[in-house]
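Novice: Quick one: structure below, then a few questions.
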Amino acid sequence: GRRPILPFLKLPDHGEPFLVGQKCGACGAVYLGKRMACSRCCGTGPFSEIPLSGHGKLHVFAIVHQSMPGVPTPYVAAIVDLPEGVSVRATLKDVDPDPAKLPFDMPLEMITGVSQQDRDGNDVIAFWFRPRKGAQS
């Protein structure tokens, strides 16, 4: 089998994996993860699950030079702004860990793949972002 690395990554039986957000029924604010209340309008819902875009823009990043054993460094940890108004933390792939090559607002697209296997032998599916093909900054 397979399972998502985080609860807001959905793995449909058919089609590509995608992120989901929780949308406030009162004001329309969108969040990652389950909510008990909206921080914009203080409403308590209802919240509905909505699919999020598979693309966004680079908001900020850090180049990581030291990590846990077995994790290759350097790599780029980033905050990606999605069009729905949500930001998500992700590792960037297919980029040089060089600040001069990482412009803020760089268009990015989400990719998914197997990051590891759990103790039951299931594939754990993770997501990353990479520069969006054919997009202009």
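For the structure tokens, the naming scheme is as follows: chains receive sequential letters (A, B, ...) according to their order of presentation, residues are indexed from 1 within each chain, and ligands are indexed from 1 in presentation order.
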Give me the residues near A:Phe127 as a list in words, where near means some atom within 10 Å (using only C-alpha atoms) and where sequence neighbours in that chain fewer than 5 positions away do not count.

Specialist: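 Listed by chain and then number, they are Pro4, Ile5, Leu6, Leu9, Pro17, Phe18, Leu19, Ala90, Thr91, Leu92, Met110, Ile111, Thr112, Gly113, Val114 and Ser115 of chain A.
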
Novice: Got a sec: who's within 8 Å of stretch 53-58 of chain A, counting only C-alpha atoms, leaving out chain neighbours fewer than 2 positions off, as a ChimeraX atom specification?

Specialist: /A:18-19,51,60-61,78-84,103-110,132

Novice: Take atom CA of A:Lys93 and atom CA of A:His65 and report the distance between them in Å, one decimal.

Specialist: 15.2 Å

Novice: How many Å lie between atom CA of A:Arg3 and atom CA of A:Asp123, rounded to one decimal?

Specialist: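 Pair atom CA of A:Arg3 / atom CA of A:Asp123 returns 6.3 Å.
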
Novice: Between atom CA of A:Phe129 and atom CA of A:Gly33, measure the distance and give it in Å to one decimal.

Specialist: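 Atom CA of A:Phe129 sits 19.0 Å away from atom CA of A:Gly33.
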
Novice: Residues at most 12 Å from A:Arg35, counting only C-alpha atoms, excluding those fewer than 6 positions away in the same chain, as number ranges by chain?

Specialist: A: 21-25, 29, 42-49

Novice: Please, could you write that set of residues out with all heavy atoms as a CSV table (one decimal), in the first residue's frame?

Specialist:
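result_10.csv, freshly written:
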```csv
chain,number,residue,atom,x,y,z
A,21,GLY,N,-7.0,22.0,1.5
A,21,GLY,CA,-7.1,23.0,2.5
A,21,GLY,C,-8.4,22.9,3.2
A,21,GLY,O,-9.3,22.3,2.7
A,22,GLN,N,-8.6,23.7,4.3
A,22,GLN,CA,-9.9,23.8,4.9
A,22,GLN,C,-10.3,25.2,4.7
A,22,GLN,O,-9.6,26.2,5.0
A,22,GLN,CB,-9.7,23.5,6.4
A,22,GLN,CG,-9.3,22.1,6.7
A,22,GLN,CD,-10.3,21.1,6.4
A,22,GLN,OE1,-11.5,21.2,6.7
A,22,GLN,NE2,-9.9,20.0,5.7
A,23,LYS,N,-11.5,25.4,4.1
A,23,LYS,CA,-12.0,26.7,3.8
A,23,LYS,C,-13.2,27.1,4.8
A,23,LYS,O,-14.1,26.3,5.0
A,23,LYS,CB,-12.6,26.7,2.4
A,23,LYS,CG,-13.1,28.1,1.9
A,23,LYS,CD,-13.5,28.1,0.5
A,23,LYS,CE,-13.9,29.5,0.0
A,23,LYS,NZ,-14.2,29.5,-1.4
A,24,CYS,N,-13.0,28.3,5.4
A,24,CYS,CA,-14.0,28.8,6.3
A,24,CYS,C,-15.3,29.1,5.5
A,24,CYS,O,-15.3,29.9,4.6
A,24,CYS,CB,-13.5,30.0,7.0
A,24,CYS,SG,-14.7,30.8,8.1
A,25,GLY,N,-16.4,28.6,6.0
A,25,GLY,CA,-17.7,28.8,5.3
A,25,GLY,C,-18.2,30.2,5.5
A,25,GLY,O,-19.0,30.7,4.7
A,29,ALA,N,-11.6,32.2,4.2
A,29,ALA,CA,-10.2,32.0,4.5
A,29,ALA,C,-9.9,30.5,4.3
A,29,ALA,O,-10.7,29.6,4.6
A,29,ALA,CB,-9.9,32.5,5.9
A,42,CYS,N,-12.9,34.5,13.3
A,42,CYS,CA,-13.2,33.9,14.6
A,42,CYS,C,-14.4,33.0,14.6
A,42,CYS,O,-14.9,32.5,15.6
A,42,CYS,CB,-13.4,34.9,15.7
A,42,CYS,SG,-11.9,35.9,16.1
A,43,GLY,N,-14.9,32.6,13.4
A,43,GLY,CA,-16.0,31.7,13.2
A,43,GLY,C,-15.6,30.3,13.6
A,43,GLY,O,-14.4,30.0,13.5
A,44,THR,N,-16.6,29.5,13.9
A,44,THR,CA,-16.3,28.1,14.2
A,44,THR,C,-16.7,27.1,13.1
A,44,THR,O,-16.9,25.9,13.4
A,44,THR,CB,-16.9,27.7,15.6
A,44,THR,OG1,-18.3,27.9,15.5
A,44,THR,CG2,-16.3,28.4,16.7
A,45,GLY,N,-16.9,27.7,11.9
A,45,GLY,CA,-17.2,26.8,10.8
A,45,GLY,C,-18.6,27.1,10.3
A,45,GLY,O,-19.2,28.1,10.6
A,46,PRO,N,-19.0,26.3,9.4
A,46,PRO,CA,-18.4,25.0,9.0
A,46,PRO,C,-17.2,25.2,8.1
A,46,PRO,O,-17.1,26.3,7.4
A,46,PRO,CB,-19.5,24.3,8.2
A,46,PRO,CG,-20.3,25.4,7.6
A,46,PRO,CD,-20.2,26.5,8.6
A,47,PHE,N,-16.3,24.3,8.1
A,47,PHE,CA,-15.1,24.3,7.3
A,47,PHE,C,-15.3,23.2,6.2
A,47,PHE,O,-15.7,22.1,6.6
A,47,PHE,CB,-13.8,24.0,8.1
A,47,PHE,CG,-13.5,25.2,9.0
A,47,PHE,CD1,-13.9,25.2,10.3
A,47,PHE,CD2,-12.7,26.2,8.5
A,47,PHE,CE1,-13.6,26.2,11.1
A,47,PHE,CE2,-12.4,27.3,9.3
A,47,PHE,CZ,-12.8,27.3,10.6
A,48,SER,N,-14.9,23.5,5.0
A,48,SER,CA,-15.0,22.5,3.9
A,48,SER,C,-13.7,22.2,3.4
A,48,SER,O,-12.8,23.1,3.3
A,48,SER,CB,-16.0,22.9,2.8
A,48,SER,OG,-15.6,24.1,2.3
A,49,GLU,N,-13.4,21.0,3.0
A,49,GLU,CA,-12.2,20.6,2.4
A,49,GLU,C,-12.2,21.0,0.9
A,49,GLU,O,-13.1,20.7,0.2
A,49,GLU,CB,-12.0,19.1,2.5
A,49,GLU,CG,-10.6,18.6,2.2
A,49,GLU,CD,-10.3,17.2,2.5
A,49,GLU,OE1,-9.9,16.9,3.6
A,49,GLU,OE2,-10.6,16.3,1.6
```

Novice: Determine the nearest neighbour of A:Val71 from the options A:Gln116, A:Arg130, A:Asp94, A:Gly121, counting only C-alpha atoms.

Specialist: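 That would be A:Gln116, the residue with the smallest distance to A:Val71.
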
Novice: So that I can check the surroundings of A:Gln117, please list as number ranges by chain every protein, DNA and RNA residue that reaches within 10 Å of it, counting only C-alpha atoms and ignoring chain neighbours fewer than 5 positions away.

Specialist: A: 1-3, 122-125

Novice: Any chance you could export the current selection's N, CA, C and O atoms as a compact mmCIF listing (two decimals), in the first residue's frame?

Specialist:
```
# COMPACT_ATOMS: atom_id res chain seq x y z
N GLY A 1 0.81 -1.20 0.00
CA GLY A 1 0.00 0.00 0.00
C GLY A 1 0.85 1.25 0.00
O GLY A 1 2.07 1.20 -0.08
N ARG A 2 0.16 2.36 0.12
CA ARG A 2 0.85 3.64 0.20
C ARG A 2 0.05 4.57 1.12
O ARG A 2 -1.15 4.40 1.28
N ARG A 3 0.76 5.51 1.72
CA ARG A 3 0.10 6.47 2.60
C ARG A 3 0.79 7.82 2.47
O ARG A 3 1.97 7.89 2.15
N ASN A 122 4.68 -0.12 3.73
CA ASN A 122 3.92 0.77 2.85
C ASN A 122 4.81 1.90 2.35
O ASN A 122 5.65 2.41 3.10
N ASP A 123 4.61 2.30 1.10
CA ASP A 123 5.31 3.46 0.56
C ASP A 123 4.73 4.72 1.20
O ASP A 123 3.52 4.90 1.26
N VAL A 124 5.60 5.59 1.69
CA VAL A 124 5.19 6.87 2.23
C VAL A 124 5.40 7.90 1.13
O VAL A 124 6.52 8.10 0.65
N ILE A 125 4.30 8.52 0.71
CA ILE A 125 4.33 9.49 -0.39
C ILE A 125 4.51 10.89 0.19
O ILE A 125 3.77 11.30 1.08
```

Novice: Skip A:Val64 itself and residues of its chain fewer than 6 positions away, then list as an MDAnalysis selection string all residues within 10 Å of it, counting only C-alpha atoms.

Specialist: chainID A and resid 72:77 97

Novice: Write out as a PyMOL selection string all residues of stretch 24-121 of chain A that DSSP puts in strand (DSSP E) for this structure's backbone.

Specialist: chain A and resi 24+30-31+47-51+55-64+75-81+87-92+107-117

Novice: Hey, which of A:Ala126, A:Cys41, A:Leu11, A:Leu102 ends up closest to A:Ala62? Count only C-alpha atoms.

Specialist: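 Closest residue, counting only C-alpha atoms: A:Leu102.
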